[in-house]
Structures are given as C-alpha cells and as structure tokens.
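The next block is upload15.cif, given as mmCIF, N, CA and C atoms.
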data_upload
loop_
_atom_site.label_atom_id
_atom_site.label_comp_id
_atom_site.auth_asym_id
_atom_site.auth_seq_id
_atom_site.Cartn_x
_atom_site.Cartn_y
_atom_site.Cartn_z
N MET A 1 135.94 126.37 163.15
CA MET A 1 135.90 127.08 161.88
C MET A 1 134.44 127.36 161.52
N LYS A 2 134.22 128.56 161.02
CA LYS A 2 132.87 128.99 160.68
C LYS A 2 132.56 128.72 159.20
N VAL A 3 131.28 128.59 158.91
CA VAL A 3 130.82 128.35 157.54
C VAL A 3 131.30 129.45 156.60
N ASN A 4 131.37 130.70 157.10
CA ASN A 4 131.77 131.81 156.22
C ASN A 4 133.23 131.72 155.78
N GLU A 5 133.98 130.78 156.33
CA GLU A 5 135.35 130.56 155.89
C GLU A 5 135.45 129.52 154.77
N CYS A 6 134.33 128.96 154.42
CA CYS A 6 134.27 127.93 153.37
C CYS A 6 133.97 128.56 152.02
N LYS A 7 134.34 127.83 150.98
CA LYS A 7 133.97 128.23 149.61
C LYS A 7 132.54 127.76 149.38
N LEU A 8 131.65 128.69 149.10
CA LEU A 8 130.26 128.35 148.86
C LEU A 8 129.98 128.31 147.36
N GLU A 9 129.09 127.42 146.98
CA GLU A 9 128.63 127.37 145.60
C GLU A 9 127.66 128.54 145.37
N ASN A 10 127.59 129.01 144.14
CA ASN A 10 126.70 130.13 143.81
C ASN A 10 125.26 129.83 144.21
N PRO A 11 124.54 130.83 144.66
CA PRO A 11 123.16 130.62 145.11
C PRO A 11 122.16 130.54 143.96
N VAL A 12 122.00 129.36 143.39
CA VAL A 12 121.01 129.16 142.33
C VAL A 12 119.69 128.82 143.01
N PHE A 13 118.64 129.54 142.64
CA PHE A 13 117.37 129.36 143.32
C PHE A 13 116.21 129.59 142.37
N CYS A 14 115.03 129.20 142.84
CA CYS A 14 113.79 129.51 142.15
C CYS A 14 112.79 129.96 143.21
N LYS A 15 111.68 130.49 142.74
CA LYS A 15 110.61 130.90 143.64
C LYS A 15 109.54 129.81 143.66
N LYS A 16 108.79 129.76 144.75
CA LYS A 16 107.80 128.69 144.90
C LYS A 16 106.74 128.71 143.81
N GLU A 17 106.49 129.89 143.24
CA GLU A 17 105.47 130.00 142.19
C GLU A 17 106.02 129.77 140.78
N ASP A 18 107.33 129.53 140.66
CA ASP A 18 107.92 129.27 139.34
C ASP A 18 107.40 127.96 138.76
N GLY A 19 107.14 127.98 137.47
CA GLY A 19 106.68 126.78 136.79
C GLY A 19 107.75 125.69 136.78
N LEU A 20 107.32 124.44 136.79
CA LEU A 20 108.25 123.32 136.84
C LEU A 20 109.15 123.25 135.61
N VAL A 21 108.66 123.66 134.47
CA VAL A 21 109.48 123.68 133.26
C VAL A 21 110.64 124.66 133.45
N ASP A 22 110.37 125.83 134.00
CA ASP A 22 111.43 126.81 134.25
C ASP A 22 112.43 126.29 135.28
N VAL A 23 111.93 125.60 136.29
CA VAL A 23 112.80 125.00 137.30
C VAL A 23 113.72 123.97 136.65
N ALA A 24 113.16 123.10 135.82
CA ALA A 24 113.95 122.08 135.13
C ALA A 24 115.01 122.71 134.22
N LYS A 25 114.66 123.82 133.57
CA LYS A 25 115.63 124.51 132.72
C LYS A 25 116.79 125.08 133.54
N LYS A 26 116.49 125.61 134.73
CA LYS A 26 117.56 126.10 135.60
C LYS A 26 118.49 124.96 136.03
N LEU A 27 117.89 123.84 136.37
CA LEU A 27 118.70 122.67 136.74
C LEU A 27 119.64 122.29 135.59
N ARG A 28 119.09 122.25 134.40
CA ARG A 28 119.88 121.90 133.21
C ARG A 28 120.94 122.96 132.92
N ASP A 29 120.54 124.21 132.88
CA ASP A 29 121.45 125.29 132.49
C ASP A 29 122.61 125.47 133.46
N HIS A 30 122.35 125.21 134.75
CA HIS A 30 123.40 125.37 135.76
C HIS A 30 124.11 124.06 136.07
N LYS A 31 123.67 122.98 135.39
CA LYS A 31 124.27 121.65 135.58
C LYS A 31 124.28 121.25 137.05
N ILE A 32 123.10 121.39 137.68
CA ILE A 32 122.94 121.03 139.08
C ILE A 32 121.82 120.00 139.22
N ARG A 33 121.83 119.28 140.34
CA ARG A 33 120.83 118.23 140.57
C ARG A 33 119.68 118.69 141.45
N HIS A 34 119.87 119.79 142.15
CA HIS A 34 118.79 120.30 143.01
C HIS A 34 118.89 121.82 143.07
N ILE A 35 117.76 122.43 143.40
CA ILE A 35 117.69 123.88 143.43
C ILE A 35 116.90 124.31 144.67
N VAL A 36 117.36 125.36 145.30
CA VAL A 36 116.69 125.87 146.51
C VAL A 36 115.49 126.71 146.10
N VAL A 37 114.39 126.48 146.78
CA VAL A 37 113.17 127.27 146.57
C VAL A 37 113.14 128.34 147.66
N VAL A 38 112.97 129.59 147.24
CA VAL A 38 112.98 130.70 148.19
C VAL A 38 111.65 131.45 148.18
N ASP A 39 111.39 132.07 149.31
CA ASP A 39 110.28 133.01 149.45
C ASP A 39 110.88 134.24 150.10
N ASN A 40 110.93 135.35 149.38
CA ASN A 40 111.59 136.56 149.85
C ASN A 40 113.06 136.27 150.22
N MET A 41 113.70 135.46 149.40
CA MET A 41 115.11 135.04 149.53
C MET A 41 115.38 134.18 150.77
N GLN A 42 114.35 133.72 151.44
CA GLN A 42 114.52 132.78 152.54
C GLN A 42 114.28 131.37 152.01
N PRO A 43 115.22 130.44 152.25
CA PRO A 43 115.04 129.07 151.76
C PRO A 43 113.86 128.38 152.44
N ILE A 44 112.95 127.84 151.61
CA ILE A 44 111.78 127.17 152.16
C ILE A 44 111.64 125.73 151.66
N GLY A 45 112.42 125.37 150.65
CA GLY A 45 112.33 124.02 150.11
C GLY A 45 113.42 123.75 149.11
N ILE A 46 113.46 122.51 148.63
CA ILE A 46 114.42 122.11 147.59
C ILE A 46 113.68 121.25 146.59
N VAL A 47 113.96 121.48 145.31
CA VAL A 47 113.47 120.63 144.24
C VAL A 47 114.68 119.94 143.63
N ALA A 48 114.66 118.63 143.61
CA ALA A 48 115.73 117.85 142.99
C ALA A 48 115.22 117.29 141.67
N ALA A 49 116.15 117.06 140.76
CA ALA A 49 115.78 116.47 139.47
C ALA A 49 115.05 115.14 139.68
N VAL A 50 115.50 114.38 140.65
CA VAL A 50 114.86 113.09 140.92
C VAL A 50 113.43 113.27 141.42
N ASP A 51 113.15 114.38 142.11
CA ASP A 51 111.77 114.66 142.54
C ASP A 51 110.87 114.89 141.34
N ILE A 52 111.39 115.59 140.35
CA ILE A 52 110.60 115.84 139.13
C ILE A 52 110.32 114.53 138.42
N VAL A 53 111.33 113.69 138.32
CA VAL A 53 111.16 112.39 137.65
C VAL A 53 110.16 111.52 138.42
N ASN A 54 110.38 111.36 139.72
CA ASN A 54 109.56 110.44 140.51
C ASN A 54 108.15 110.94 140.77
N GLN A 55 108.00 112.22 141.08
CA GLN A 55 106.68 112.74 141.47
C GLN A 55 105.84 113.24 140.30
N VAL A 56 106.49 113.52 139.19
CA VAL A 56 105.75 114.11 138.08
C VAL A 56 105.76 113.20 136.85
N ILE A 57 106.92 112.98 136.28
CA ILE A 57 107.01 112.21 135.04
C ILE A 57 106.54 110.77 135.24
N ALA A 58 107.09 110.08 136.25
CA ALA A 58 106.73 108.68 136.48
C ALA A 58 105.26 108.51 136.86
N GLU A 59 104.66 109.55 137.41
CA GLU A 59 103.26 109.50 137.80
C GLU A 59 102.33 109.98 136.69
N GLY A 60 102.90 110.44 135.57
CA GLY A 60 102.10 110.88 134.44
C GLY A 60 101.36 112.19 134.68
N LYS A 61 101.87 113.00 135.59
CA LYS A 61 101.22 114.29 135.88
C LYS A 61 101.51 115.31 134.78
N ASP A 62 100.63 116.28 134.65
CA ASP A 62 100.80 117.34 133.67
C ASP A 62 101.76 118.39 134.22
N TYR A 63 103.00 118.25 133.86
CA TYR A 63 104.07 119.12 134.39
C TYR A 63 103.90 120.58 133.98
N LYS A 64 103.18 120.83 132.91
CA LYS A 64 103.06 122.20 132.40
C LYS A 64 102.32 123.13 133.36
N HIS A 65 101.53 122.55 134.26
CA HIS A 65 100.74 123.37 135.17
C HIS A 65 101.22 123.29 136.62
N LEU A 66 102.33 122.60 136.84
CA LEU A 66 102.85 122.46 138.19
C LEU A 66 103.86 123.55 138.52
N LYS A 67 103.94 123.87 139.77
CA LYS A 67 104.88 124.89 140.28
C LYS A 67 105.94 124.22 141.15
N ALA A 68 106.99 124.95 141.43
CA ALA A 68 108.05 124.44 142.30
C ALA A 68 107.47 123.98 143.64
N ALA A 69 106.53 124.76 144.18
CA ALA A 69 105.92 124.42 145.47
C ALA A 69 105.20 123.08 145.45
N ASP A 70 104.78 122.63 144.26
CA ASP A 70 104.04 121.36 144.16
C ASP A 70 104.93 120.14 144.36
N VAL A 71 106.23 120.28 144.13
CA VAL A 71 107.12 119.11 144.23
C VAL A 71 108.29 119.30 145.20
N MET A 72 108.41 120.50 145.78
CA MET A 72 109.55 120.75 146.64
C MET A 72 109.48 119.93 147.92
N VAL A 73 110.65 119.59 148.42
CA VAL A 73 110.78 118.94 149.72
C VAL A 73 110.90 120.06 150.76
N HIS A 74 110.12 119.95 151.81
CA HIS A 74 110.16 120.96 152.86
C HIS A 74 109.67 120.36 154.16
N PRO A 75 110.03 120.85 155.30
CA PRO A 75 111.03 121.90 155.51
C PRO A 75 112.43 121.37 155.21
N ILE A 76 113.37 122.27 155.06
CA ILE A 76 114.73 121.87 154.74
C ILE A 76 115.71 122.33 155.82
N PHE A 77 116.85 121.66 155.82
CA PHE A 77 117.95 122.04 156.71
C PHE A 77 118.77 123.12 156.03
N PHE A 78 119.01 124.22 156.72
CA PHE A 78 119.93 125.24 156.25
C PHE A 78 120.70 125.77 157.44
N ILE A 79 121.76 126.50 157.19
CA ILE A 79 122.61 126.96 158.28
C ILE A 79 123.05 128.40 158.05
N ASP A 80 123.23 129.12 159.13
CA ASP A 80 123.71 130.49 159.06
C ASP A 80 125.21 130.48 158.81
N LYS A 81 125.68 131.46 158.06
CA LYS A 81 127.10 131.51 157.70
C LYS A 81 128.02 131.69 158.90
N ASN A 82 127.48 132.12 160.03
CA ASN A 82 128.28 132.32 161.24
C ASN A 82 128.31 131.10 162.16
N GLU A 83 127.64 130.03 161.75
CA GLU A 83 127.65 128.78 162.52
C GLU A 83 128.92 128.00 162.23
N GLU A 84 129.18 127.02 163.06
CA GLU A 84 130.35 126.16 162.89
C GLU A 84 130.17 125.21 161.71
N VAL A 85 131.25 124.96 160.99
CA VAL A 85 131.23 124.02 159.87
C VAL A 85 130.81 122.64 160.37
N SER A 86 131.25 122.28 161.56
CA SER A 86 130.89 120.96 162.10
C SER A 86 129.37 120.81 162.23
N ALA A 87 128.67 121.88 162.59
CA ALA A 87 127.21 121.82 162.69
C ALA A 87 126.58 121.57 161.32
N ALA A 88 127.13 122.20 160.30
CA ALA A 88 126.64 121.97 158.94
C ALA A 88 126.93 120.53 158.50
N TYR A 89 128.15 120.08 158.76
CA TYR A 89 128.55 118.72 158.37
C TYR A 89 127.64 117.68 159.04
N PHE A 90 127.50 117.77 160.35
CA PHE A 90 126.69 116.78 161.05
C PHE A 90 125.20 116.90 160.70
N GLY A 91 124.75 118.10 160.38
CA GLY A 91 123.38 118.27 159.90
C GLY A 91 123.15 117.57 158.57
N MET A 92 124.14 117.64 157.69
CA MET A 92 124.03 116.95 156.40
C MET A 92 124.10 115.43 156.59
N VAL A 93 125.00 114.98 157.47
CA VAL A 93 125.12 113.54 157.73
C VAL A 93 123.80 112.99 158.27
N LYS A 94 123.24 113.68 159.25
CA LYS A 94 121.98 113.26 159.87
C LYS A 94 120.86 113.12 158.86
N ARG A 95 120.85 114.00 157.86
CA ARG A 95 119.76 114.04 156.88
C ARG A 95 120.12 113.36 155.56
N SER A 96 121.32 112.78 155.49
CA SER A 96 121.79 112.10 154.27
C SER A 96 121.72 113.02 153.05
N THR A 97 122.18 114.27 153.23
CA THR A 97 122.22 115.21 152.11
C THR A 97 123.68 115.56 151.80
N TYR A 98 123.92 116.06 150.61
CA TYR A 98 125.27 116.35 150.17
C TYR A 98 125.56 117.85 150.05
N SER A 99 124.60 118.66 150.45
CA SER A 99 124.82 120.11 150.48
C SER A 99 123.74 120.73 151.35
N CYS A 100 123.99 121.97 151.76
CA CYS A 100 122.97 122.66 152.53
C CYS A 100 123.02 124.15 152.21
N PRO A 101 121.85 124.76 152.12
CA PRO A 101 121.79 126.20 151.88
C PRO A 101 122.40 126.96 153.06
N VAL A 102 123.07 128.05 152.74
CA VAL A 102 123.67 128.92 153.75
C VAL A 102 122.93 130.25 153.69
N VAL A 103 122.61 130.77 154.88
CA VAL A 103 121.90 132.04 154.95
C VAL A 103 122.73 133.06 155.73
N GLU A 104 122.47 134.32 155.40
CA GLU A 104 123.02 135.44 156.15
C GLU A 104 121.84 136.36 156.47
N GLU A 105 121.60 136.57 157.74
CA GLU A 105 120.43 137.34 158.18
C GLU A 105 119.14 136.79 157.58
N GLY A 106 119.07 135.46 157.49
CA GLY A 106 117.88 134.78 156.99
C GLY A 106 117.76 134.68 155.49
N LYS A 107 118.67 135.31 154.74
CA LYS A 107 118.60 135.32 153.28
C LYS A 107 119.60 134.32 152.69
N PHE A 108 119.17 133.63 151.66
CA PHE A 108 119.98 132.62 150.98
C PHE A 108 121.18 133.26 150.28
N VAL A 109 122.40 132.79 150.62
CA VAL A 109 123.60 133.38 150.02
C VAL A 109 124.48 132.37 149.28
N GLY A 110 124.22 131.08 149.43
CA GLY A 110 125.03 130.08 148.73
C GLY A 110 124.80 128.70 149.28
N MET A 111 125.49 127.73 148.67
CA MET A 111 125.38 126.33 149.09
C MET A 111 126.72 125.85 149.61
N LEU A 112 126.68 125.17 150.73
CA LEU A 112 127.86 124.51 151.27
C LEU A 112 127.77 123.04 150.90
N THR A 113 128.79 122.54 150.22
CA THR A 113 128.78 121.13 149.84
C THR A 113 129.35 120.28 150.97
N PHE A 114 128.94 119.04 150.99
CA PHE A 114 129.44 118.07 151.96
C PHE A 114 130.96 117.95 151.83
N THR A 115 131.45 117.92 150.59
CA THR A 115 132.88 117.79 150.34
C THR A 115 133.66 118.97 150.90
N GLU A 116 133.15 120.18 150.72
CA GLU A 116 133.83 121.38 151.24
C GLU A 116 133.84 121.35 152.76
N ALA A 117 132.73 121.00 153.38
CA ALA A 117 132.66 120.94 154.84
C ALA A 117 133.65 119.89 155.37
N LEU A 118 133.66 118.72 154.77
CA LEU A 118 134.56 117.66 155.20
C LEU A 118 136.02 118.07 155.03
N SER A 119 136.32 118.72 153.92
CA SER A 119 137.68 119.18 153.65
C SER A 119 138.14 120.18 154.71
N LYS A 120 137.29 121.14 155.05
CA LYS A 120 137.64 122.15 156.06
C LYS A 120 137.83 121.50 157.44
N LEU A 121 136.95 120.55 157.76
CA LEU A 121 137.07 119.87 159.05
C LEU A 121 138.36 119.06 159.12
N ALA A 122 138.69 118.37 158.03
CA ALA A 122 139.91 117.56 158.00
C ALA A 122 141.14 118.45 158.13
N LYS A 123 141.16 119.58 157.43
CA LYS A 123 142.30 120.50 157.52
C LYS A 123 142.45 121.05 158.93
N GLY A 124 141.33 121.30 159.58
CA GLY A 124 141.38 121.79 160.95
C GLY A 124 141.93 120.75 161.91
N LYS A 125 141.52 119.50 161.71
CA LYS A 125 141.98 118.41 162.58
C LYS A 125 143.44 118.05 162.32
N LEU A 126 143.85 118.21 161.06
CA LEU A 126 145.21 117.82 160.68
C LEU A 126 146.17 119.00 160.67
N GLY A 127 145.71 120.13 161.14
CA GLY A 127 146.58 121.29 161.22
C GLY A 127 146.94 121.89 159.88
N GLY A 128 145.99 121.87 158.94
CA GLY A 128 146.23 122.48 157.64
C GLY A 128 146.92 121.60 156.64
N ALA A 129 147.05 120.32 156.93
CA ALA A 129 147.73 119.39 156.02
C ALA A 129 146.90 119.11 154.80
#

Show how you would write the structure in this file as structure tokens.
Amino acid sequence: MKVNECKLENPVFCKKEDGLVDVAKKLRDHKIRHIVVVDNMQPIGIVAAVDIVNQVIAEGKDYKHLKAADVMVHPIFFIDKNEEVSAAYFGMVKRSTYSCPVVEEGKFVGMLTFTEALSKLAKGKLGGA
C-alpha cells in the first residue's frame, strides 16, 4: 500500500525565517505539537512546542528575536507519497517519531501520522478487517 492511499493531516507549515512568536501562534491556533519548516515548500526541519520550551524559555533566551531556523530540528525524515506505507512506518519507528511529512515532487503536501500508517498496515495484513 502506498502513502497516497492514506489520510494525510493538513500541511501546516512555517518558513525558516518566520519569527518564533508566529510559529508558536500557529502551533496554538492549529492545536498541534509540531510544525514543519519549509524552504520553497520543501521540508527542511521541524519545530516542536517542546523545542521552544527547552531551547528558548527554559534557557531564558529572548524569543522575540528568534526565528524558526534557530530552534528547528534538522535534517528530518520525510517520505514521498508514492512510497510504501511500510517505509514510512519503519522510518518513524527508527526515529521514535509519531508523524512524518509527505512530499509530492519534493513539495510538502501533508503529514502522515504513526496511527494512520499502523492502521493501514494492519488492515492490509488482516485483509481489511
């Protein structure tokens, strides 16, 4: 089964030059824990709420002057929509992540969750049960 057969989460993203306050507002407004950082719609990093807390707030840094690029985790694992779901699943397991960005022709198109990948794999193994 291919990734493009899965239900993807909407592609919420920010740019590497976006201010950290704007990034935090997107996290809040979309009720998400992490956001993909893109450059020309290509995923280049991820900023998680916990990264903001640990790297900025807990360290007493001036968040008003920081950009997404200053706290993003990179490089990141992402997968093409035409790849196998199993490749996405095992990639997430290997990296202890719960979602991965999906690209089409190198451009970010959505997020595949660990739960969705596992569900599709289980249905395939169990014959649609």

Query - Expansion of the PyMOL selection byres (((chain A and resi 116 and name CA) around 12) and name CA) into residues, as a count of residues only - result: 27

Proximity of segment 47-115 of chain A to segment 23-36 of chain A: per-residue shortest pair, 6.5 Å limit, only N, CA and C atoms, as a tab-separated table:
residue	atom	partner	partner_atom	distance
A:Val47	C	A:Ile35	N	4.0
A:Ala48	CA	A:His34	CA	3.9
A:Ala49	N	A:Arg33	C	3.9
A:Val50	N	A:Arg33	C	6.1

Could you take the residues named above and write them with N, CA and C atoms, as a CSV table (one decimal), keeping the file's coordinate frame?
chain,number,residue,atom,x,y,z
A,47,VAL,N,114.0,121.5,145.3
A,47,VAL,CA,113.5,120.6,144.2
A,47,VAL,C,114.7,119.9,143.6
A,48,ALA,N,114.7,118.6,143.6
A,48,ALA,CA,115.7,117.8,143.0
A,48,ALA,C,115.2,117.3,141.7
A,49,ALA,N,116.2,117.1,140.8
A,49,ALA,CA,115.8,116.5,139.5
A,49,ALA,C,115.0,115.1,139.7
A,50,VAL,N,115.5,114.4,140.6
A,50,VAL,CA,114.9,113.1,140.9
A,50,VAL,C,113.4,113.3,141.4

Requested in this report: Can you work out which one of A:Gln55, A:Asn40, A:Gly91, A:His65 has the shortest atom-to-atom distance to Gly19 of chain A, counting all atoms listed in the file?
Outcome: A:His65

Query - Residue nearest Met41 of chain A among A:Leu20, A:Val93, A:Tyr63, A:Pro11 (counting only C-alpha atoms) - result: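 Smallest distance to Met41 of chain A is found for A:Pro11.
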
Query - Reference answer for the PyMOL selection byres ((chain A and resi 71-75) around 6), as a PyMOL selection string - result: chain A and resi 44-47+67-70+76-77

Query raised in the report: Which distance in Å separates atom N of Glu83 of chain A and atom CA of Glu104 of chain A, to one decimal?
Result: 9.1 Å

Report task. Find the distance between atom CA of Phe90 of chain A and atom CA of Gly124 of chain A and write it in Å to one decimal. Result -> 15.5 Å

Requested in this report: Go through A:Arg95, A:Glu84, A:Val21, A:Phe78 one by one, measure the shortest atom-to-atom distance of each to Pro43 of chain A using only N, CA and C atoms, and give the residue with the smallest value.
Outcome: A:Phe78

Report task. From chain A, collect each residue whose DSSP state is strand (DSSP E or B) and return the set as a count of residues only. Result -> 37

Query raised in the report: Given the choices A:Ala87, A:Ile57, A:Ile52, A:Val37, which gets closest to Lys107 of chain A if the distance is worked out from only C-alpha atoms?
Result: A:Val37

Query - Between atom C of Cys14 of chain A and atom C of Val103 of chain A - distance in Å to one decimal - result: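 Going from atom C of Val103 of chain A over to atom C of Cys14 of chain A, I get 16.3 Å.
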
Requested in this report: List the neighbours of Val102 of chain A out to 5 Å using only N, CA and C atoms; skip same-chain residues closer than 3 positions along the sequence, and give me the result as a PyMOL selection string.
Outcome: chain A and resi 79+108-111

Requested in this report: Just the helix (DSSP H, G or I) stuff from segment 1-126 of chain A, please, per backbone DSSP, written as a ChimeraX atom specification.
Outcome: /A:3-5,20-29,49-57,63-65,68-71,85-95,114-125

Query - Counting only N, CA and C atoms, the option among A:Asp39, A:Asp22, A:Glu105, A:Lys64 closest to Asn82 of chain A - result: A:Glu105

Query raised in the report: Which one is closest to Asp18 of chain A: A:Leu66, A:Lys2, A:Val53, A:Asp80? Count only C-alpha atoms.
Result: A:Leu66
